[in-house]
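Participant: Pasting coords15.cif below, which is mmCIF, C-alpha atoms.
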data_target
#
loop_
_atom_site.group_PDB
_atom_site.id
_atom_site.type_symbol
_atom_site.label_atom_id
_atom_site.label_comp_id
_atom_site.auth_asym_id
_atom_site.auth_seq_id
_atom_site.Cartn_x
_atom_site.Cartn_y
_atom_site.Cartn_z
ATOM 1 C CA MET T 256 0.000 0.000 0.000
ATOM 2 C CA GLU T 257 1.344 3.342 -1.025
ATOM 3 C CA PRO T 258 1.133 6.405 1.205
ATOM 4 C CA GLN T 259 -1.852 8.517 0.249
ATOM 5 C CA LEU T 260 -1.922 12.274 -0.030
ATOM 6 C CA SER T 261 -4.156 12.473 3.026
ATOM 7 C CA TRP T 262 -1.504 10.772 5.173
ATOM 8 C CA TYR T 263 0.963 13.547 4.450
ATOM 9 C CA LEU T 264 -1.686 16.177 5.116
ATOM 10 C CA VAL T 265 -2.540 14.604 8.467
ATOM 11 C CA LEU T 266 1.126 14.442 9.443
ATOM 12 C CA SER T 267 1.559 18.081 8.458
ATOM 13 C CA ALA T 268 -1.486 19.094 10.498
ATOM 14 C CA ILE T 269 -0.202 17.241 13.550
ATOM 15 C CA LEU T 270 3.228 18.881 13.285
ATOM 16 C CA PHE T 271 1.661 22.320 12.819
ATOM 17 C CA THR T 272 -0.559 21.805 15.836
ATOM 18 C CA ILE T 273 2.376 20.746 17.983
ATOM 19 C CA GLY T 274 4.138 23.911 16.858
ATOM 20 C CA VAL T 275 1.179 26.124 17.761
ATOM 21 C CA VAL T 276 0.834 24.507 21.180
ATOM 22 C CA GLY T 277 4.556 24.968 21.746
ATOM 23 C CA VAL T 278 4.489 28.670 20.822
ATOM 24 C CA ILE T 279 1.662 29.270 23.270
ATOM 25 C CA ILE T 280 2.943 27.099 26.116
ATOM 26 C CA LYS T 281 6.674 27.818 26.079
ATOM 27 C CA ARG T 282 8.123 30.876 27.785
ATOM 28 C CA ASN T 283 11.707 30.710 26.652
ATOM 29 C CA VAL T 284 11.967 32.875 23.569
ATOM 30 C CA ILE T 285 14.425 30.519 21.851
ATOM 31 C CA ALA T 286 12.079 27.569 22.384
ATOM 32 C CA MET T 287 9.223 29.596 20.894
ATOM 33 C CA PHE T 288 11.466 30.396 17.951
ATOM 34 C CA MET T 289 12.106 26.688 17.375
ATOM 35 C CA CYS T 290 8.371 25.953 17.503
ATOM 36 C CA ILE T 291 7.855 28.553 14.766
ATOM 37 C CA GLU T 292 10.446 26.729 12.675
ATOM 38 C CA LEU T 293 8.454 23.541 13.266
ATOM 39 C CA MET T 294 5.300 25.192 11.918
ATOM 40 C CA LEU T 295 7.145 26.438 8.827
ATOM 41 C CA ASN T 296 8.380 22.905 8.198
ATOM 42 C CA SER T 297 4.916 21.400 8.430
ATOM 43 C CA VAL T 298 3.701 23.870 5.800
ATOM 44 C CA ASN T 299 6.662 22.906 3.630
ATOM 45 C CA LEU T 300 5.619 19.269 3.910
ATOM 46 C CA THR T 301 2.155 20.161 2.611
ATOM 47 C CA PHE T 302 3.669 22.052 -0.325
ATOM 48 C CA VAL T 303 5.925 19.174 -1.295
ATOM 49 C CA ALA T 304 3.147 16.584 -0.903
ATOM 50 C CA PHE T 305 0.790 18.491 -3.204
ATOM 51 C CA SER T 306 3.607 19.188 -5.643
ATOM 52 C CA SER T 307 4.531 15.536 -5.823
ATOM 53 C CA PHE T 308 0.988 14.197 -6.109
ATOM 54 C CA PHE T 309 -0.102 16.681 -8.761
ATOM 55 C CA HIS T 310 3.167 16.671 -10.736
ATOM 56 C CA ASP T 311 3.577 20.404 -10.522
ATOM 57 C CA VAL T 312 6.940 21.822 -9.607
ATOM 58 C CA THR T 313 5.535 25.134 -8.324
ATOM 59 C CA GLY T 314 5.071 23.816 -4.798
ATOM 60 C CA GLN T 315 8.712 22.874 -4.518
ATOM 61 C CA LEU T 316 9.772 26.285 -5.824
ATOM 62 C CA PHE T 317 7.842 27.929 -3.069
ATOM 63 C CA VAL T 318 9.302 25.543 -0.505
ATOM 64 C CA PHE T 319 12.673 26.814 -1.662
ATOM 65 C CA ILE T 320 11.549 30.411 -1.130
ATOM 66 C CA VAL T 321 10.019 29.576 2.268
ATOM 67 C CA MET T 322 13.347 28.082 3.340
ATOM 68 C CA THR T 323 15.134 31.282 2.323
ATOM 69 C CA VAL T 324 12.656 33.345 4.293
ATOM 70 C CA ALA T 325 13.139 31.011 7.267
ATOM 71 C CA ALA T 326 16.899 31.520 7.111
ATOM 72 C CA ALA T 327 16.429 35.302 7.033
ATOM 73 C CA GLU T 328 13.980 35.027 9.909
ATOM 74 C CA ALA T 329 16.493 32.993 11.901
ATOM 75 C CA ALA T 330 19.205 35.612 11.429
ATOM 76 C CA VAL T 331 17.022 38.594 12.327
ATOM 77 C CA GLY T 332 15.149 36.779 15.107
ATOM 78 C CA LEU T 333 18.305 35.618 16.832
ATOM 79 C CA GLY T 334 19.703 39.153 16.527
ATOM 80 C CA ILE T 335 16.611 40.438 18.306
ATOM 81 C CA ILE T 336 16.975 37.731 20.963
ATOM 82 C CA ILE T 337 20.575 38.768 21.623
ATOM 83 C CA ALA T 338 19.518 42.425 21.872
ATOM 84 C CA ILE T 339 16.756 41.553 24.355
ATOM 85 C CA PHE T 340 19.136 39.451 26.427
ATOM 86 C CA ARG T 341 21.628 42.302 26.569
ATOM 87 C CA ASN T 342 19.046 44.699 27.923
ATOM 88 C CA ARG T 343 17.197 42.426 30.305
ATOM 89 C CA GLU T 344 19.526 39.491 31.061
ATOM 90 C CA SER T 345 16.605 37.134 30.632
ATOM 91 C CA LEU T 346 15.094 35.101 27.839
ATOM 92 C CA ASP T 347 11.676 34.800 29.442
ATOM 93 C CA VAL T 348 9.006 36.423 27.328
ATOM 94 C CA ASP T 349 7.116 37.451 30.446
ATOM 95 C CA ASP T 350 10.066 39.648 31.411
ATOM 96 C CA ALA T 351 9.895 41.358 28.030
ATOM 97 C CA SER T 352 6.147 41.838 27.933
ATOM 98 C CA ILE T 353 6.571 45.584 28.437
ATOM 99 C CA LEU T 354 8.606 47.085 25.649
ATOM 100 C CA LYS T 355 9.703 50.010 27.785
ATOM 101 C CA MET T 356 12.806 49.452 29.866
ATOM 102 C CA MET G 116 7.149 -0.945 1.751
ATOM 103 C CA LEU G 117 6.676 2.771 1.139
ATOM 104 C CA ALA G 118 3.899 2.809 3.706
ATOM 105 C CA LEU G 119 6.222 1.246 6.286
ATOM 106 C CA LEU G 120 8.872 3.874 5.566
ATOM 107 C CA PHE G 121 6.264 6.612 5.805
ATOM 108 C CA ILE G 122 5.073 5.329 9.177
ATOM 109 C CA LEU G 123 8.653 5.083 10.428
ATOM 110 C CA PHE G 124 9.622 8.620 9.466
ATOM 111 C CA ALA G 125 6.271 10.135 10.396
ATOM 112 C CA GLY G 126 6.525 8.572 13.844
ATOM 113 C CA LEU G 127 10.066 9.877 14.181
ATOM 114 C CA ALA G 128 8.943 13.365 13.167
ATOM 115 C CA ILE G 129 5.997 13.430 15.569
ATOM 116 C CA GLY G 130 8.031 12.013 18.456
ATOM 117 C CA CYS G 131 10.828 14.524 17.967
ATOM 118 C CA ALA G 132 8.307 17.364 17.599
ATOM 119 C CA ILE G 133 6.673 16.442 20.902
ATOM 120 C CA ALA G 134 10.126 16.298 22.467
ATOM 121 C CA VAL G 135 10.817 19.836 21.206
ATOM 122 C CA VAL G 136 7.831 21.099 23.164
ATOM 123 C CA VAL G 137 8.223 18.924 26.246
ATOM 124 C CA GLN G 138 11.956 19.383 26.912
ATOM 125 C CA ARG G 139 12.843 22.086 29.401
ATOM 126 C CA ASN G 140 16.441 22.500 28.335
ATOM 127 C CA PRO G 141 16.533 24.513 25.074
ATOM 128 C CA LEU G 142 19.587 22.610 23.860
ATOM 129 C CA TYR G 143 17.711 19.308 24.004
ATOM 130 C CA SER G 144 14.832 20.984 22.168
ATOM 131 C CA ALA G 145 17.237 22.074 19.449
ATOM 132 C CA ILE G 146 18.621 18.569 19.027
ATOM 133 C CA SER G 147 15.091 17.139 18.842
ATOM 134 C CA LEU G 148 14.287 19.752 16.207
ATOM 135 C CA ILE G 149 17.226 18.499 14.131
ATOM 136 C CA GLY G 150 15.597 15.055 14.363
ATOM 137 C CA VAL G 151 12.363 16.514 12.972
ATOM 138 C CA PHE G 152 14.243 18.130 10.091
ATOM 139 C CA ILE G 153 16.029 14.899 9.180
ATOM 140 C CA ALA G 154 12.792 12.880 9.325
ATOM 141 C CA LEU G 155 11.103 15.444 7.084
ATOM 142 C CA ALA G 156 14.006 15.266 4.636
ATOM 143 C CA CYS G 157 13.481 11.492 4.431
ATOM 144 C CA LEU G 158 9.777 12.096 3.773
ATOM 145 C CA TYR G 159 10.700 14.486 0.956
ATOM 146 C CA LEU G 160 12.776 11.692 -0.545
ATOM 147 C CA LEU G 161 9.726 9.411 -0.327
ATOM 148 C CA LEU G 162 7.800 12.118 -2.177
ATOM 149 C CA ALA G 163 10.388 12.042 -4.998
ATOM 150 C CA ALA G 164 11.780 15.493 -4.196
ATOM 151 C CA PRO G 165 15.533 14.914 -3.775
ATOM 152 C CA PHE G 166 16.524 18.547 -4.300
ATOM 153 C CA ILE G 167 14.251 19.811 -1.554
ATOM 154 C CA ALA G 168 15.474 17.021 0.728
ATOM 155 C CA ALA G 169 19.084 18.082 0.205
ATOM 156 C CA VAL G 170 18.273 21.746 0.753
ATOM 157 C CA GLN G 171 16.332 20.821 3.888
ATOM 158 C CA ILE G 172 19.384 19.110 5.357
ATOM 159 C CA ILE G 173 21.783 21.870 4.303
ATOM 160 C CA VAL G 174 19.730 24.952 5.179
ATOM 161 C CA TYR G 175 17.633 23.782 8.115
ATOM 162 C CA GLY G 176 19.723 21.024 9.662
ATOM 163 C CA GLY G 177 22.938 22.875 8.910
ATOM 164 C CA ALA G 178 22.709 26.639 8.805
ATOM 165 C CA ILE G 179 19.663 27.520 10.887
ATOM 166 C CA MET G 180 20.273 25.012 13.645
ATOM 167 C CA VAL G 181 23.925 26.003 13.911
ATOM 168 C CA LEU G 182 22.738 29.584 14.450
ATOM 169 C CA VAL G 183 20.235 28.490 17.090
ATOM 170 C CA VAL G 184 22.697 26.276 18.963
ATOM 171 C CA PHE G 185 25.314 29.015 18.777
ATOM 172 C CA VAL G 186 22.946 31.526 20.341
ATOM 173 C CA ILE G 187 21.877 29.042 23.037
ATOM 174 C CA MET G 188 25.507 28.476 23.991
ATOM 175 C CA LEU G 189 26.435 32.159 23.708
ATOM 176 C CA LEU G 190 23.657 33.279 26.007
ATOM 177 C CA ASN G 191 24.217 30.369 28.398
ATOM 178 C CA VAL G 192 20.511 29.612 28.608
ATOM 179 C CA GLU G 193 19.481 27.828 31.754
ATOM 180 C CA GLU G 194 16.634 25.348 32.021
ATOM 181 C CA GLU G 195 13.166 26.747 32.330
ATOM 182 C CA VAL G 196 12.092 26.937 35.918
ATOM 183 C CA ARG G 197 8.614 26.035 36.997
ATOM 184 C CA ARG G 198 6.969 29.034 38.504
ATOM 185 C CA PRO G 199 3.391 30.162 38.805
ATOM 186 C CA THR G 200 2.255 31.649 35.530
ATOM 187 C CA ARG G 201 0.870 35.116 35.423
ATOM 188 C CA LEU G 202 -1.350 34.268 32.502
ATOM 189 C CA VAL G 203 -2.925 31.031 33.656
ATOM 190 C CA PHE G 204 -5.445 30.959 30.846
ATOM 191 C CA LEU G 205 -2.754 30.409 28.226
ATOM 192 C CA VAL G 206 -2.550 26.617 28.554
ATOM 193 C CA PRO G 207 -6.292 25.999 28.103
ATOM 194 C CA THR G 208 -6.204 28.471 25.235
ATOM 195 C CA ALA G 209 -3.445 26.466 23.602
ATOM 196 C CA PHE G 210 -5.361 23.221 23.817
ATOM 197 C CA GLY G 211 -8.571 24.891 22.619
ATOM 198 C CA LEU G 212 -6.752 26.261 19.582
ATOM 199 C CA ALA G 213 -5.273 22.824 18.946
ATOM 200 C CA VAL G 214 -8.752 21.302 18.941
ATOM 201 C CA VAL G 215 -9.941 23.960 16.495
ATOM 202 C CA LEU G 216 -6.998 23.277 14.193
ATOM 203 C CA ILE G 217 -7.584 19.529 14.258
ATOM 204 C CA ALA G 218 -11.272 20.109 13.454
ATOM 205 C CA GLN G 219 -10.339 22.284 10.482
ATOM 206 C CA VAL G 220 -7.944 19.660 9.184
ATOM 207 C CA ALA G 221 -10.562 16.947 9.615
ATOM 208 C CA PHE G 222 -12.936 19.032 7.523
ATOM 209 C CA ILE G 223 -10.299 19.464 4.815
ATOM 210 C CA LEU G 224 -9.575 15.753 4.777
ATOM 211 C CA TYR G 225 -13.288 15.008 4.567
ATOM 212 C CA SER G 226 -13.543 17.307 1.554
ATOM 213 C CA VAL G 227 -10.405 15.938 -0.120
ATOM 214 C CA HIS G 228 -11.279 12.314 0.484
ATOM 215 C CA GLY G 229 -13.608 11.783 -2.444
ATOM 216 C CA SER G 230 -11.588 13.666 -5.041
ATOM 217 C CA PRO G 231 -9.769 11.494 -7.559
ATOM 218 C CA LEU G 232 -6.005 11.748 -7.506
ATOM 219 C CA THR G 233 -3.765 11.178 -10.450
ATOM 220 C CA PRO G 234 -1.619 8.140 -9.776
ATOM 221 C CA ARG G 235 1.998 8.914 -9.202
ATOM 222 C CA GLU G 236 4.303 8.040 -12.048
ATOM 223 C CA VAL G 237 7.546 6.389 -11.160
ATOM 224 C CA VAL G 238 9.405 8.235 -13.891
ATOM 225 C CA SER G 239 8.915 11.924 -13.261
ATOM 226 C CA ASP G 240 11.284 14.844 -13.297
ATOM 227 C CA THR G 241 9.166 17.000 -11.022
ATOM 228 C CA GLY G 242 11.527 17.016 -8.075
ATOM 229 C CA LEU G 243 14.826 17.153 -9.906
ATOM 230 C CA SER G 244 16.974 20.238 -9.651
ATOM 231 C CA ALA G 245 16.807 20.881 -13.409
ATOM 232 C CA SER G 246 13.050 21.438 -13.423
ATOM 233 C CA ILE G 247 13.262 23.500 -10.235
ATOM 234 C CA GLY G 248 15.966 25.681 -11.757
ATOM 235 C CA ILE G 249 14.000 26.182 -14.972
ATOM 236 C CA GLY G 250 10.915 27.222 -13.013
ATOM 237 C CA LEU G 251 12.913 29.464 -10.705
ATOM 238 C CA PHE G 252 14.622 31.411 -13.487
ATOM 239 C CA THR G 253 11.757 31.745 -15.955
ATOM 240 C CA LYS G 254 8.248 31.874 -14.590
ATOM 241 C CA TYR G 255 9.091 32.711 -10.992
ATOM 242 C CA LEU G 256 12.009 35.063 -11.529
ATOM 243 C CA LEU G 257 10.351 37.929 -9.646
ATOM 244 C CA PRO G 258 9.855 36.010 -6.356
ATOM 245 C CA PHE G 259 13.438 34.801 -6.688
ATOM 246 C CA GLU G 260 14.777 38.346 -6.990
ATOM 247 C CA ILE G 261 12.564 39.564 -4.157
ATOM 248 C CA THR G 262 13.992 36.773 -2.014
ATOM 249 C CA SER G 263 17.515 37.968 -2.734
ATOM 250 C CA ILE G 264 16.567 41.494 -1.672
ATOM 251 C CA LEU G 265 15.059 40.032 1.491
ATOM 252 C CA LEU G 266 18.318 38.230 2.235
ATOM 253 C CA ILE G 267 20.311 41.454 1.914
ATOM 254 C CA MET G 268 17.881 43.188 4.237
ATOM 255 C CA ALA G 269 18.199 40.328 6.721
ATOM 256 C CA VAL G 270 21.990 40.547 6.703
ATOM 257 C CA VAL G 271 21.938 44.290 7.344
ATOM 258 C CA GLY G 272 19.223 43.971 9.971
ATOM 259 C CA ALA G 273 20.911 41.148 11.849
ATOM 260 C CA ILE G 274 24.212 43.027 12.032
ATOM 261 C CA THR G 275 22.480 46.215 13.129
ATOM 262 C CA LEU G 276 20.549 44.427 15.849
ATOM 263 C CA ALA G 277 23.343 42.309 17.246
ATOM 264 C CA ARG G 278 26.253 44.759 17.247
ATOM 265 C CA ARG G 279 27.257 46.653 20.360
ATOM 266 C CA SER G 280 25.394 49.907 20.528
ATOM 267 C CA PHE G 281 28.451 51.673 21.926
ATOM 268 C CA LEU G 282 31.804 50.596 23.203
ATOM 269 C CA VAL G 283 32.003 50.068 26.935
ATOM 270 C CA SER G 284 35.340 50.576 28.586
ATOM 271 C CA ARG G 285 36.816 47.578 30.358
ATOM 272 C CA GLU G 286 36.464 48.983 33.847
ATOM 273 C CA GLU G 287 32.729 49.384 33.498
ATOM 274 C CA GLN G 288 32.130 45.837 32.358
ATOM 275 C CA THR G 289 30.597 43.450 34.815
ATOM 276 C CA PRO G 290 32.734 40.449 35.649
ATOM 277 C CA THR G 291 29.946 37.948 34.957
ATOM 278 C CA GLY G 292 29.121 36.214 31.709
ATOM 279 C CA ALA G 293 27.625 39.450 30.488
ATOM 280 C CA ARG G 294 31.137 40.712 29.742
ATOM 281 C CA ILE G 295 31.012 39.151 26.284
ATOM 282 C CA LEU G 296 27.742 40.819 25.505
ATOM 283 C CA ALA G 297 28.799 44.294 26.698
ATOM 284 C CA MET G 298 25.466 45.423 28.000
ATOM 285 C CA PRO G 299 24.757 49.070 27.178
ATOM 286 C CA THR G 300 23.135 49.665 30.565
ATOM 287 C CA SER G 301 24.240 47.449 33.392
ATOM 288 C CA PRO G 302 21.762 46.722 36.209
ATOM 289 C CA ALA G 303 23.882 48.719 38.659
ATOM 290 C CA THR G 304 23.574 51.937 36.672
ATOM 291 C CA LYS G 305 19.865 51.337 36.208
ATOM 292 C CA ALA G 306 19.415 50.956 39.962
ATOM 293 C CA ALA G 307 21.409 54.176 40.463
ATOM 294 C CA ASP G 308 19.114 55.936 38.028
ATOM 295 C CA ARG G 309 16.085 54.771 39.914
ATOM 296 C CA SER G 310 17.441 55.885 43.301
ATOM 297 C CA GLU G 311 18.322 59.296 41.871
ATOM 298 C CA ARG G 312 14.813 59.626 40.589
ATOM 299 C CA ALA G 313 13.484 58.650 43.996
ATOM 300 C CA ASP G 314 15.626 61.350 45.624
ATOM 301 C CA GLU G 315 14.029 64.061 43.563
ATOM 302 C CA PRO G 316 11.190 66.028 45.104
ATOM 303 C CA PRO G 317 7.782 64.751 44.107
ATOM 304 C CA GLY G 318 7.071 67.662 41.861
ATOM 305 C CA GLY G 319 10.267 67.150 39.887
ATOM 306 C CA PRO G 320 12.791 69.855 38.963
ATOM 307 C CA GLY G 321 10.139 72.046 37.417
ATOM 308 C CA ALA G 322 8.208 72.437 40.679
ATOM 309 C CA ILE G 323 10.515 75.151 42.036
ATOM 310 C CA GLY G 324 9.139 77.966 39.948
#
Show me this structure written as structure tokens.
Facilitator:
Amino acid sequence: MEPQLSWYLVLSAILFTIGVVGVIIKRNVIAMFMCIELMLNSVNLTFVAFSSFFHDVTGQLFVFIVMTVAAAEAAVGLGIIIAIFRNRESLDVDDASILKM
Amino acid sequence: MLALLFILFAGLAIGCAIAVVVQRNPLYSAISLIGVFIALACLYLLLAAPFIAAVQIIVYGGAIMVLVVFVIMLLNVEEEVRRPTRLVFLVPTAFGLAVVLIAQVAFILYSVHGSPLTPREVVSDTGLSASIGIGLFTKYLLPFEITSILLIMAVVGAITLARRSFLVSREEQTPTGARILAMPTSPATKAADRSERADEPPGGPGAIG
């Protein structure tokens, strides 16, 4: 039995849901960042599954672009995390809930 | 055979993803996340997309996770401590949102279920790098160029955010681990600021006149 398209979609939905739960539950800003990466990856899985099942390369092109955006997001996001840590000496998002120092 | 491989890698991905959320030490979360990326790369291979699988390993498993692990080690992140949450409604909100998401996906699957799917051909050049390159440089040239502009902006932004805002002389630096990071305002000076403000008369300097 071959894997169906719906299997990949279910797996992607489960991964995305785990990512959402992680972003809401976690307090460490780096852990939240990693959960966002998890959500991006689940969307990529959906793109590739549709692309492969419908024989259209467009989905994989956009996965490529999503990966580039994720790399840019990682660079800028980690820069922001370092800046926050410098000012507050904490990575807890509750400590940074007020933007004012 | 393919179904067995799918179940193997899907189970690996889900297990590692749960570990990312459950672990309290961010470094263990990062290593579990690398497991998710590798499992997803194997799934891309099952989907006949070797180029995307390779890029997944190189960009996600390599570049992004090296950045994350580097920042975790640079900032010397400690384990999350259990302490009473200020926003206690967040956890039920998270599970409620998860239920809503699962319901949406169930609806989508219910709609997709009856639609006929074209059977997958064994010989197909959909996932090969040649077809991806042709698509990227002809029909989708504009998104490609916009992505390059985005990368330049990200480089400039990351350097601007992470550089020292001004140079601190060595005497002023705190002897703790914060020495590397050269904090612009150390906690001691902030406390001094606050006490000075407390010493002022209630009306402030303008109250004299």
Participant: Near T:Ala286, within 10 Å and counting all atoms listed in the file, which residues show up once chain neighbours fewer than 3 positions away are dropped, as a compact mmCIF listing (two decimals) with C-alpha atoms, in the frame of the given file?
Facilitator:
# COMPACT_ATOMS: atom_id res chain seq x y z
CA GLY T 277 4.56 24.97 21.75
CA VAL T 278 4.49 28.67 20.82
CA ILE T 280 2.94 27.10 26.12
CA LYS T 281 6.67 27.82 26.08
CA ARG T 282 8.12 30.88 27.78
CA ASN T 283 11.71 30.71 26.65
CA MET T 289 12.11 26.69 17.38
CA CYS T 290 8.37 25.95 17.50
CA ILE T 291 7.86 28.55 14.77
CA GLU T 292 10.45 26.73 12.68
CA LEU T 346 15.09 35.10 27.84
CA VAL G 135 10.82 19.84 21.21
CA VAL G 136 7.83 21.10 23.16
CA GLN G 138 11.96 19.38 26.91
CA ARG G 139 12.84 22.09 29.40
CA ASN G 140 16.44 22.50 28.34
CA PRO G 141 16.53 24.51 25.07
CA LEU G 142 19.59 22.61 23.86
CA SER G 144 14.83 20.98 22.17
CA ALA G 145 17.24 22.07 19.45
CA VAL G 183 20.24 28.49 17.09
CA ILE G 187 21.88 29.04 23.04
Participant: For a quick test of understanding: name the residues of chain G lying within 6 Å of chain T when counting only C-alpha atoms, and present them as an NGL selection string.
Facilitator: :G and (117-118 or 136 or 162 or 209 or 213 or 241 or 266 or 269 or 273 or 276-277 or 298)
Participant: For atom CA of G:Glu260 and atom CA of G:Phe166, quote the distance in Å rounded to one decimal.
Facilitator: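 According to the coordinates, atom CA of G:Glu260 and atom CA of G:Phe166 are separated by 20.1 Å.
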Participant: Name the residues in contact with G:Gly130 at a cut-off of 10 Å, using only C-alpha atoms, excluding same-chain residues fewer than 5 positions from it; report them as number ranges by chain.
Facilitator: T: 270; G: 124-125, 135, 147, 150-151
Participant: What gap, in Å, lies between atom CA of G:Ser246 and atom CA of G:Ile264?
Facilitator: 23.5 Å
Participant: Enter the distance from atom CA of G:Ile133 to atom CA of G:Ile146, in Å, rounded to one decimal.
Facilitator: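 That distance, rounded to one decimal, is 12.3 Å.
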Participant: Selecting N, CA and C atoms, how would stretch 250-271 of chain G from this structure be written as a JSON list (two decimals), in the first residue's frame?
Facilitator:
[["chain", "number", "residue", "atom", "x", "y", "z"],
["G", 250, "GLY", "N", 12.06, 26.46, -13.53],
["G", 250, "GLY", "CA", 10.92, 27.22, -13.01],
["G", 250, "GLY", "C", 11.36, 28.47, -12.28],
["G", 251, "LEU", "N", 12.47, 28.35, -11.55],
["G", 251, "LEU", "CA", 12.91, 29.46, -10.71],
["G", 251, "LEU", "C", 13.43, 30.63, -11.55],
["G", 252, "PHE", "N", 14.00, 30.34, -12.71],
["G", 252, "PHE", "CA", 14.62, 31.41, -13.49],
["G", 252, "PHE", "C", 13.79, 31.85, -14.67],
["G", 253, "THR", "N", 12.61, 31.27, -14.86],
["G", 253, "THR", "CA", 11.76, 31.74, -15.95],
["G", 253, "THR", "C", 10.45, 32.31, -15.41],
["G", 254, "LYS", "N", 9.58, 31.42, -14.96],
["G", 254, "LYS", "CA", 8.25, 31.87, -14.59],
["G", 254, "LYS", "C", 8.26, 32.60, -13.26],
["G", 255, "TYR", "N", 9.11, 32.15, -12.35],
["G", 255, "TYR", "CA", 9.09, 32.71, -10.99],
["G", 255, "TYR", "C", 10.35, 33.52, -10.71],
["G", 256, "LEU", "N", 10.79, 34.28, -11.71],
["G", 256, "LEU", "CA", 12.01, 35.06, -11.53],
["G", 256, "LEU", "C", 11.79, 36.19, -10.53],
["G", 257, "LEU", "N", 10.60, 36.79, -10.55],
["G", 257, "LEU", "CA", 10.35, 37.93, -9.65],
["G", 257, "LEU", "C", 10.38, 37.51, -8.17],
["G", 258, "PRO", "N", 9.70, 36.43, -7.75],
["G", 258, "PRO", "CA", 9.85, 36.01, -6.36],
["G", 258, "PRO", "C", 11.29, 35.68, -5.98],
["G", 259, "PHE", "N", 12.04, 35.13, -6.95],
["G", 259, "PHE", "CA", 13.44, 34.80, -6.69],
["G", 259, "PHE", "C", 14.24, 36.06, -6.39],
["G", 260, "GLU", "N", 14.03, 37.10, -7.21],
["G", 260, "GLU", "CA", 14.78, 38.35, -6.99],
["G", 260, "GLU", "C", 14.35, 39.02, -5.69],
["G", 261, "ILE", "N", 13.04, 38.96, -5.41],
["G", 261, "ILE", "CA", 12.56, 39.56, -4.16],
["G", 261, "ILE", "C", 13.19, 38.85, -2.96],
["G", 262, "THR", "N", 13.36, 37.52, -3.09],
["G", 262, "THR", "CA", 13.99, 36.77, -2.01],
["G", 262, "THR", "C", 15.43, 37.21, -1.79],
["G", 263, "SER", "N", 16.13, 37.53, -2.91],
["G", 263, "SER", "CA", 17.51, 37.97, -2.73],
["G", 263, "SER", "C", 17.56, 39.32, -2.04],
["G", 264, "ILE", "N", 16.61, 40.20, -2.37],
["G", 264, "ILE", "CA", 16.57, 41.49, -1.67],
["G", 264, "ILE", "C", 16.29, 41.28, -0.19],
["G", 265, "LEU", "N", 15.38, 40.34, 0.10],
["G", 265, "LEU", "CA", 15.06, 40.03, 1.49],
["G", 265, "LEU", "C", 16.30, 39.55, 2.24],
["G", 266, "LEU", "N", 17.12, 38.74, 1.57],
["G", 266, "LEU", "CA", 18.32, 38.23, 2.23],
["G", 266, "LEU", "C", 19.28, 39.36, 2.57],
["G", 267, "ILE", "N", 19.42, 40.32, 1.63],
["G", 267, "ILE", "CA", 20.31, 41.45, 1.91],
["G", 267, "ILE", "C", 19.79, 42.25, 3.10],
["G", 268, "MET", "N", 18.46, 42.46, 3.11],
["G", 268, "MET", "CA", 17.88, 43.19, 4.24],
["G", 268, "MET", "C", 18.11, 42.44, 5.54],
["G", 269, "ALA", "N", 18.01, 41.11, 5.50],
["G", 269, "ALA", "CA", 18.20, 40.33, 6.72],
["G", 269, "ALA", "C", 19.63, 40.43, 7.22],
["G", 270, "VAL", "N", 20.59, 40.43, 6.29],
["G", 270, "VAL", "CA", 21.99, 40.55, 6.70],
["G", 270, "VAL", "C", 22.22, 41.89, 7.40],
["G", 271, "VAL", "N", 21.74, 42.96, 6.75],
["G", 271, "VAL", "CA", 21.94, 44.29, 7.34],
["G", 271, "VAL", "C", 21.22, 44.38, 8.69]]
